[in-house]
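Heads up, query-v2.txt below (compact mmCIF, C-alpha atoms and all ligand atoms):
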```txt
# COMPACT_ATOMS: atom_id res chain seq x y z
CA MET A 298 108.85 87.53 112.79
CA SER A 299 109.33 89.94 115.71
CA SER A 300 109.61 88.69 119.28
CA GLY A 301 106.80 86.55 120.60
CA GLY A 302 104.37 86.10 117.73
CA LEU A 303 102.89 87.00 114.41
CA ARG A 304 101.47 90.52 114.03
CA LEU A 305 99.41 91.14 110.94
CA VAL A 306 97.36 93.98 109.51
CA PHE A 307 94.56 93.58 106.93
CA VAL A 308 93.82 96.70 104.91
CA GLY A 309 91.07 96.97 102.33
CA PRO A 310 87.91 98.81 101.37
CA PRO A 311 84.56 97.90 102.93
CA GLY A 312 83.43 94.59 101.43
CA ALA A 313 86.95 93.49 100.42
CA GLY A 314 86.64 90.35 102.55
CA LYS A 315 88.91 91.37 105.46
CA GLY A 316 86.59 90.05 108.18
CA THR A 317 85.91 86.80 106.32
CA GLN A 318 89.60 86.10 105.72
CA ALA A 319 90.71 87.35 109.14
CA LYS A 320 88.46 84.85 110.88
CA LEU A 321 89.88 81.93 108.88
CA ILE A 322 93.52 83.00 109.29
CA CYS A 323 93.08 83.63 113.04
CA GLU A 324 91.51 80.21 113.56
CA LYS A 325 94.40 78.61 111.66
CA TRP A 326 97.16 80.50 113.52
CA GLY A 327 95.48 80.68 116.94
CA ILE A 328 95.72 84.47 117.23
CA PRO A 329 92.93 86.96 118.04
CA GLN A 330 91.18 88.94 115.31
CA ILE A 331 91.06 92.55 116.43
CA SER A 332 88.55 94.64 114.47
CA THR A 333 88.08 98.28 115.45
CA GLY A 334 84.76 98.22 113.55
CA ASP A 335 83.53 95.29 115.68
CA MET A 336 84.77 96.99 118.87
CA LEU A 337 82.98 100.22 118.00
CA ARG A 338 79.77 98.36 117.11
CA ALA A 339 79.98 96.47 120.44
CA ALA A 340 80.42 99.78 122.30
CA LYS A 341 77.40 101.19 120.44
CA LYS A 342 75.30 98.13 121.31
CA ALA A 343 76.26 98.51 124.98
CA GLY A 344 75.20 102.17 124.82
CA LYS A 345 78.79 103.26 125.51
CA LEU A 346 79.60 105.01 122.23
CA PRO A 347 79.08 108.79 122.32
CA ALA A 348 76.23 109.99 120.07
CA ASP A 349 78.52 111.99 117.77
CA LEU A 350 80.57 108.86 117.03
CA VAL A 351 77.43 106.77 116.42
CA GLU A 352 76.43 109.43 113.90
CA LYS A 353 79.90 109.49 112.29
CA MET A 354 79.80 105.72 111.75
CA ALA A 355 76.24 105.82 110.41
CA GLN A 356 77.32 108.41 107.83
CA GLY A 357 80.34 106.36 106.70
CA GLY A 358 83.03 108.68 108.11
CA LEU A 359 85.97 107.74 110.32
CA VAL A 360 85.93 108.17 114.10
CA PRO A 361 88.82 110.24 115.53
CA ASP A 362 92.26 108.63 115.55
CA GLU A 363 92.65 108.93 119.34
CA VAL A 364 89.48 106.87 119.93
CA VAL A 365 90.61 103.85 117.89
CA ILE A 366 94.26 104.16 119.02
CA ALA A 367 93.12 103.88 122.66
CA LEU A 368 91.03 100.79 121.84
CA ILE A 369 93.96 99.15 120.05
CA ASP A 370 96.48 100.06 122.73
CA GLU A 371 94.44 98.24 125.37
CA ARG A 372 93.30 95.29 123.24
CA THR A 373 96.76 94.44 121.80
CA ASN A 374 98.16 94.41 125.33
CA ALA A 375 95.70 91.74 126.53
CA GLU A 376 97.02 88.32 127.49
CA ASP A 377 95.61 86.54 124.42
CA ALA A 378 97.42 88.99 122.09
CA LYS A 379 100.87 88.33 123.56
CA ARG A 380 101.50 85.64 120.93
CA GLY A 381 100.38 87.83 118.06
CA PHE A 382 97.21 89.25 116.53
CA LEU A 383 95.55 90.25 113.30
CA LEU A 384 94.32 93.83 113.05
CA ASP A 385 91.29 94.12 110.76
CA GLY A 386 90.36 97.69 109.77
CA PHE A 387 93.13 99.39 111.79
CA PRO A 388 95.20 101.39 111.03
CA ARG A 389 93.25 103.42 108.50
CA THR A 390 95.33 106.63 108.59
CA VAL A 391 99.05 107.39 108.73
CA PRO A 392 98.77 108.88 112.27
CA GLN A 393 97.11 105.60 113.37
CA ALA A 394 99.95 103.64 111.71
CA ASP A 395 102.56 105.79 113.49
CA ALA A 396 100.80 105.39 116.84
CA LEU A 397 100.71 101.63 116.33
CA ASP A 398 104.45 101.52 115.60
CA THR A 399 105.14 103.56 118.73
CA LEU A 400 103.03 101.45 121.04
CA LEU A 401 104.47 98.20 119.66
CA ALA A 402 108.03 99.54 119.88
CA GLY A 403 107.41 100.33 123.56
CA ARG A 404 106.74 96.60 124.03
CA GLY A 405 109.72 95.46 121.94
CA GLN A 406 107.36 94.37 119.15
CA LYS A 407 106.76 95.25 115.51
CA LEU A 408 104.45 94.39 112.64
CA ASP A 409 105.34 91.43 110.45
CA HIS A 410 103.06 91.90 107.43
CA VAL A 411 100.45 94.26 106.02
CA ILE A 412 98.08 92.57 103.57
CA ALA A 413 96.00 94.78 101.27
CA LEU A 414 92.98 93.03 99.70
CA GLU A 415 92.12 94.60 96.36
CA VAL A 416 88.63 94.31 94.84
CA PRO A 417 87.06 96.48 92.09
CA GLY A 418 84.39 99.02 93.10
CA ASP A 419 81.29 97.38 91.59
CA LEU A 420 82.00 94.06 93.31
CA LEU A 421 82.77 95.80 96.63
CA PHE A 422 79.45 97.54 96.47
CA GLU A 423 77.56 94.28 95.90
CA ARG A 424 79.50 92.53 98.65
CA ALA A 425 78.83 95.23 101.25
CA VAL A 426 75.18 95.96 100.42
CA LEU A 427 74.18 92.26 100.49
CA ARG A 428 76.24 91.47 103.62
CA ARG A 429 74.28 90.18 106.60
CA THR A 430 75.65 89.28 110.04
CA ASP A 431 74.24 86.71 112.47
CA LYS A 432 73.26 88.74 115.54
CA LEU A 433 74.07 85.87 117.88
CA THR A 434 77.34 84.44 116.51
CA GLY A 435 78.73 87.35 114.49
CA GLN A 436 79.12 85.01 111.48
CA ILE A 437 79.29 86.98 108.22
CA TYR A 438 76.91 85.92 105.41
CA HIS A 439 76.13 87.24 101.94
CA LEU A 440 72.66 87.02 100.40
CA LYS A 441 74.13 85.92 97.05
CA TYR A 442 77.56 84.36 97.76
CA LYS A 443 77.11 82.84 101.23
CA PRO A 444 73.41 82.56 101.99
CA PRO A 445 72.50 82.43 105.69
CA PRO A 446 70.70 79.36 107.08
CA ALA A 447 66.91 79.56 107.34
CA GLY A 448 65.74 81.11 110.59
CA ALA A 449 69.03 82.92 111.37
CA ASP A 450 68.53 86.20 113.22
CA LEU A 451 70.31 88.60 110.88
CA GLU A 452 71.54 92.16 111.09
CA HIS A 453 71.90 94.49 108.10
CA ARG A 454 74.50 97.04 109.24
CA PRO A 455 73.18 100.61 109.00
CA ASP A 456 76.43 101.57 107.23
CA ASP A 457 75.84 98.85 104.60
CA GLN A 458 72.97 100.87 103.07
CA GLU A 459 73.78 101.82 99.45
CA ASP A 460 74.49 105.54 99.97
CA VAL A 461 76.64 104.96 103.03
CA VAL A 462 78.64 102.22 101.29
CA LYS A 463 79.46 104.71 98.50
CA THR A 464 80.72 107.21 101.10
CA ARG A 465 82.75 104.52 102.89
CA ILE A 466 84.43 103.42 99.65
CA SER A 467 85.39 107.08 98.89
CA THR A 468 86.63 107.55 102.48
CA TYR A 469 88.79 104.45 102.03
CA GLU A 470 90.19 105.62 98.70
CA ALA A 471 91.12 109.00 100.17
CA MET A 472 92.93 107.49 103.13
CA THR A 473 94.78 104.71 101.27
CA SER A 474 96.43 107.20 98.94
CA GLU A 475 98.68 107.83 101.97
CA LEU A 476 98.47 104.65 104.03
CA LEU A 477 99.47 102.09 101.37
CA PRO A 478 102.58 104.01 100.17
CA HIS A 479 103.50 104.42 103.87
CA TYR A 480 103.60 100.63 104.34
CA GLU A 481 105.11 100.08 100.89
CA LYS A 482 108.08 102.27 101.88
CA LYS A 483 108.57 100.16 105.00
CA GLY A 484 108.65 97.01 102.84
CA LEU A 485 105.71 95.48 104.75
CA LEU A 486 102.93 95.71 102.16
CA ARG A 487 101.60 92.82 100.07
CA ARG A 488 98.82 93.69 97.64
CA LEU A 489 96.60 90.67 96.96
CA ASN A 490 93.75 90.11 94.53
CA GLY A 491 90.58 89.78 96.64
CA VAL A 492 88.42 88.57 93.73
CA GLY A 493 87.54 84.87 93.61
CA THR A 494 86.05 82.38 96.01
CA VAL A 495 86.73 82.71 99.74
CA GLU A 496 88.99 79.63 99.48
CA GLU A 497 90.99 81.12 96.57
CA VAL A 498 91.60 84.34 98.48
CA THR A 499 92.62 82.43 101.63
CA ALA A 500 95.18 80.49 99.57
CA ARG A 501 96.64 83.80 98.31
CA VAL A 502 96.87 85.19 101.84
CA LEU A 503 98.57 82.04 103.16
CA GLY A 504 100.94 82.09 100.18
CA ALA A 505 101.87 85.73 100.89
CA LEU A 506 102.50 85.00 104.57
CA LYS A 507 104.81 82.11 103.64
CA THR A 508 106.85 83.95 101.03
CA SER A 509 107.13 87.48 102.45
P1 LIG B 601 85.15 93.51 105.04
O1 LIG B 601 85.45 93.00 106.43
O2 LIG B 601 86.38 93.76 104.22
O3 LIG B 601 84.23 94.70 105.02
P2 LIG B 601 83.61 91.02 104.76
O4 LIG B 601 84.59 89.95 105.08
O5 LIG B 601 82.59 91.33 105.79
O6 LIG B 601 84.39 92.35 104.25
O7 LIG B 601 82.90 90.60 103.40
C1 LIG B 601 81.90 91.44 102.80
C2 LIG B 601 80.80 90.56 102.21
O8 LIG B 601 81.31 89.84 101.09
C3 LIG B 601 80.24 89.52 103.18
O9 LIG B 601 78.85 89.41 102.96
C4 LIG B 601 80.99 88.23 102.81
O10 LIG B 601 80.18 87.07 103.07
C5 LIG B 601 81.22 88.43 101.31
N1 LIG B 601 82.49 87.87 100.85
C6 LIG B 601 83.70 87.91 101.48
N2 LIG B 601 84.64 87.32 100.71
C7 LIG B 601 84.02 86.91 99.58
C8 LIG B 601 84.46 86.24 98.37
N3 LIG B 601 85.74 85.90 98.19
N4 LIG B 601 83.53 85.99 97.41
C9 LIG B 601 82.24 86.37 97.59
N5 LIG B 601 81.76 87.00 98.68
C10 LIG B 601 82.64 87.26 99.66
P1 LIG B 602 84.53 98.42 109.58
O1 LIG B 602 83.77 97.41 110.38
O2 LIG B 602 86.01 98.20 109.59
O3 LIG B 602 83.97 98.58 108.17
O4 LIG B 602 84.31 99.83 110.30
C1 LIG B 602 83.02 100.38 110.47
C2 LIG B 602 83.14 101.86 110.82
O5 LIG B 602 83.81 102.01 112.09
C3 LIG B 602 83.94 102.73 109.86
O6 LIG B 602 83.19 103.16 108.74
C4 LIG B 602 84.37 103.88 110.79
O7 LIG B 602 83.31 104.76 111.01
C5 LIG B 602 84.65 103.16 112.10
N1 LIG B 602 86.06 102.69 112.17
C6 LIG B 602 86.49 101.39 112.24
N2 LIG B 602 87.82 101.32 112.29
C7 LIG B 602 88.27 102.61 112.25
C8 LIG B 602 89.57 103.20 112.25
N3 LIG B 602 90.68 102.45 112.29
N4 LIG B 602 89.64 104.55 112.20
C9 LIG B 602 88.53 105.31 112.18
N5 LIG B 602 87.29 104.82 112.14
C10 LIG B 602 87.14 103.48 112.19
```
Transcribe the structure of this file into structure tokens.
Amino acid sequence: MSSGGLRLVFVGPPGAGKGTQAKLICEKWGIPQISTGDMLRAAKKAGKLPADLVEKMAQGGLVPDEVVIALIDERTNAEDAKRGFLLDGFPRTVPQADALDTLLAGRGQKLDHVIALEVPGDLLFERAVLRRTDKLTGQIYHLKYKPPPAGADLEHRPDDQEDVVKTRISTYEAMTSELLPHYEKKGLLRRLNGVGTVEEVTARVLGALKTS
């Protein structure tokens, strides 16, 4: 572990279970979950995300590297991240990974582990399209695998519509052809099977963190 905490990255296609697992791991380890997707959606909700970026997200494309790098630079420097953090959905490109290394190095820090959650395409599609999020608490539900309680005020993300999910999965596949080998070369990457119950996947993640 590098100085002052545990620094983790979760990589995986949309619907792989990153957010679900990140929440559980962060609760267990007492570190913040930092999701660039959540930060961008919060900026959109507050009316602070430029229209071209709102459009980019709605179409399933990536927002420019410099936008997410700036968000991560500030958020990882906050007081609650001094003892570590889990990045969920960042980095997604090699330039983002390089920028992350540089900003951590400037603080005498480095990443400890990169966990890639692997799930086959048909299951990913079902997971993302039937995902629903509680508007109030942010809790992630699934209409088939984790049904929401009656009366919950739910959001269906605009980028979880079928066509957009297909684009997002292709965007992910294109970018991981470079990002995963990048982390593999650094000896940081652990590829884990993301199929199974939430509890089974959590056990694999905890096992990987213990043994790597
Ligand atoms: P990601 O953050 O990788 O896009 P989420 O954690 O939001 O993925 O999970 C996508 C959907 O799949 C959610 O509706 C979630 O409830 C569901 N889900 C997550 N993990 C599992 C699992 N192991 N088995 C079944 N459904 C799952
Ligand atoms: P997510 O919640 O991780 O599925 O991200 C939702 C959307 O936010 C993505 O489809 C992108 O448009 C944008 N986004 C989130 N993280 C990044 C990132 N690291 N780089 C570029 N775009 C991102």
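Proximity ranking of A:Leu414, A:Cys323, A:Ala471, A:Ala396 relative to ligand LIG 601 (chain B) places A:Leu414 first, based on all atoms listed in the file.
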Let me see if you get this right: every residue at most 7 Å from ligand LIG 601 (chain B), counting all atoms listed in the file, written as a list in words.
Gly309, Pro310, Pro311, Gly312, Ala313, Gly314, Lys315, Gly316, Thr317, Gln318, Arg424, Ala425, Leu427, Arg428, Arg429, Ile437, Tyr438, His439, Tyr442, Lys443, Gly491, Val492, Gly493, Thr494, Val495 and Val498 of chain A
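Residues of protein, DNA or RNA lying at most 6 Å from ligand LIG 602 (chain B), when all atoms listed in the file are considered, are A:Pro311, A:Thr333, A:Gly334, A:Asp335, A:Lys353, A:Met354, A:Gly357, A:Gly358, A:Leu359, A:Val360, A:Pro361, A:Asp362, A:Val365, A:Gly386, A:Phe387, A:Pro388, A:Arg389.
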Atoms kept (C-alpha atoms) for selection, written as an mmCIF file, keeping the file's coordinate frame:
```cif
data_model
loop_
_atom_site.group_PDB
_atom_site.id
_atom_site.type_symbol
_atom_site.label_atom_id
_atom_site.label_comp_id
_atom_site.auth_asym_id
_atom_site.auth_seq_id
_atom_site.Cartn_x
_atom_site.Cartn_y
_atom_site.Cartn_z
ATOM 1 C CA PRO A 311 84.560 97.900 102.930
ATOM 2 C CA THR A 333 88.080 98.280 115.450
ATOM 3 C CA GLY A 334 84.760 98.220 113.550
ATOM 4 C CA ASP A 335 83.530 95.290 115.680
ATOM 5 C CA LYS A 353 79.900 109.490 112.290
ATOM 6 C CA MET A 354 79.800 105.720 111.750
ATOM 7 C CA GLY A 357 80.340 106.360 106.700
ATOM 8 C CA GLY A 358 83.030 108.680 108.110
ATOM 9 C CA LEU A 359 85.970 107.740 110.320
ATOM 10 C CA VAL A 360 85.930 108.170 114.100
ATOM 11 C CA PRO A 361 88.820 110.240 115.530
ATOM 12 C CA ASP A 362 92.260 108.630 115.550
ATOM 13 C CA VAL A 365 90.610 103.850 117.890
ATOM 14 C CA GLY A 386 90.360 97.690 109.770
ATOM 15 C CA PHE A 387 93.130 99.390 111.790
ATOM 16 C CA PRO A 388 95.200 101.390 111.030
ATOM 17 C CA ARG A 389 93.250 103.420 108.500
#
```
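A straight line drawn from CA of Val391 in chain A to CA of Leu476 in chain A is 5.5 Å long.
Take CA of Thr468 in chain A and CA of Val411 in chain A: the distance between them is 19.5 Å.
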In Å, rounded to a single decimal, give me how far CA of Leu321 in chain A is from CA of Glu496 in chain A.
9.7 Å
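Residue nearest Thr464 in chain A, chosen from A:Glu497, A:Ala355, A:Ala378, A:Asp349 and counting only C-alpha atoms: A:Ala355.
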Would it be fine to have range 462-481 of chain A, with N, CA and C atoms, given as a PDB file, in the first residue's frame?
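What follows is the written file decode-v9.pdb:
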```
ATOM      1  N   VAL A 462     -27.186   1.962 -24.449  1.00  0.00           N
ATOM      2  CA  VAL A 462     -26.381   0.944 -23.747  1.00  0.00           C
ATOM      3  C   VAL A 462     -25.481   0.237 -24.754  1.00  0.00           C
ATOM      4  N   LYS A 463     -26.032  -0.082 -25.944  1.00  0.00           N
ATOM      5  CA  LYS A 463     -25.205  -0.751 -26.972  1.00  0.00           C
ATOM      6  C   LYS A 463     -24.005   0.121 -27.320  1.00  0.00           C
ATOM      7  N   THR A 464     -24.242   1.426 -27.508  1.00  0.00           N
ATOM      8  CA  THR A 464     -23.133   2.340 -27.842  1.00  0.00           C
ATOM      9  C   THR A 464     -22.123   2.380 -26.699  1.00  0.00           C
ATOM     10  N   ARG A 465     -22.624   2.428 -25.454  1.00  0.00           N
ATOM     11  CA  ARG A 465     -21.701   2.535 -24.309  1.00  0.00           C
ATOM     12  C   ARG A 465     -20.842   1.281 -24.190  1.00  0.00           C
ATOM     13  N   ILE A 466     -21.437   0.105 -24.459  1.00  0.00           N
ATOM     14  CA  ILE A 466     -20.643  -1.131 -24.381  1.00  0.00           C
ATOM     15  C   ILE A 466     -19.552  -1.102 -25.465  1.00  0.00           C
ATOM     16  N   SER A 467     -19.896  -0.635 -26.687  1.00  0.00           N
ATOM     17  CA  SER A 467     -18.865  -0.565 -27.750  1.00  0.00           C
ATOM     18  C   SER A 467     -17.800   0.455 -27.393  1.00  0.00           C
ATOM     19  N   THR A 468     -18.215   1.599 -26.820  1.00  0.00           N
ATOM     20  CA  THR A 468     -17.236   2.625 -26.405  1.00  0.00           C
ATOM     21  C   THR A 468     -16.276   2.007 -25.396  1.00  0.00           C
ATOM     22  N   TYR A 469     -16.820   1.241 -24.464  1.00  0.00           N
ATOM     23  CA  TYR A 469     -15.974   0.611 -23.432  1.00  0.00           C
ATOM     24  C   TYR A 469     -14.992  -0.358 -24.077  1.00  0.00           C
ATOM     25  N   GLU A 470     -15.503  -1.191 -25.001  1.00  0.00           N
ATOM     26  CA  GLU A 470     -14.623  -2.193 -25.607  1.00  0.00           C
ATOM     27  C   GLU A 470     -13.475  -1.518 -26.358  1.00  0.00           C
ATOM     28  N   ALA A 471     -13.784  -0.414 -27.043  1.00  0.00           N
ATOM     29  CA  ALA A 471     -12.743   0.288 -27.799  1.00  0.00           C
ATOM     30  C   ALA A 471     -11.679   0.839 -26.845  1.00  0.00           C
ATOM     31  N   MET A 472     -12.107   1.388 -25.730  1.00  0.00           N
ATOM     32  CA  MET A 472     -11.118   2.028 -24.852  1.00  0.00           C
ATOM     33  C   MET A 472     -10.330   1.010 -24.024  1.00  0.00           C
ATOM     34  N   THR A 473     -10.956  -0.125 -23.673  1.00  0.00           N
ATOM     35  CA  THR A 473     -10.210  -1.076 -22.827  1.00  0.00           C
ATOM     36  C   THR A 473      -9.149  -1.821 -23.602  1.00  0.00           C
ATOM     37  N   SER A 474      -9.236  -1.817 -24.932  1.00  0.00           N
ATOM     38  CA  SER A 474      -8.190  -2.505 -25.690  1.00  0.00           C
ATOM     39  C   SER A 474      -6.839  -1.846 -25.381  1.00  0.00           C
ATOM     40  N   GLU A 475      -6.853  -0.603 -24.931  1.00  0.00           N
ATOM     41  CA  GLU A 475      -5.600   0.056 -24.531  1.00  0.00           C
ATOM     42  C   GLU A 475      -5.441   0.152 -23.010  1.00  0.00           C
ATOM     43  N   LEU A 476      -6.541   0.419 -22.322  1.00  0.00           N
ATOM     44  CA  LEU A 476      -6.423   0.710 -20.878  1.00  0.00           C
ATOM     45  C   LEU A 476      -6.035  -0.531 -20.065  1.00  0.00           C
ATOM     46  N   LEU A 477      -6.649  -1.681 -20.365  1.00  0.00           N
ATOM     47  CA  LEU A 477      -6.344  -2.869 -19.550  1.00  0.00           C
ATOM     48  C   LEU A 477      -4.892  -3.335 -19.748  1.00  0.00           C
ATOM     49  N   PRO A 478      -4.393  -3.426 -20.994  1.00  0.00           N
ATOM     50  CA  PRO A 478      -2.965  -3.775 -21.151  1.00  0.00           C
ATOM     51  C   PRO A 478      -2.043  -2.773 -20.447  1.00  0.00           C
ATOM     52  N   HIS A 479      -2.448  -1.494 -20.442  1.00  0.00           N
ATOM     53  CA  HIS A 479      -1.657  -0.451 -19.767  1.00  0.00           C
ATOM     54  C   HIS A 479      -1.478  -0.810 -18.284  1.00  0.00           C
ATOM     55  N   TYR A 480      -2.570  -1.178 -17.618  1.00  0.00           N
ATOM     56  CA  TYR A 480      -2.479  -1.528 -16.194  1.00  0.00           C
ATOM     57  C   TYR A 480      -1.883  -2.921 -15.983  1.00  0.00           C
ATOM     58  N   GLU A 481      -2.048  -3.792 -16.974  1.00  0.00           N
ATOM     59  CA  GLU A 481      -1.455  -5.130 -16.879  1.00  0.00           C
ATOM     60  C   GLU A 481       0.071  -4.998 -16.856  1.00  0.00           C
TER      61      GLU A 481
END
```
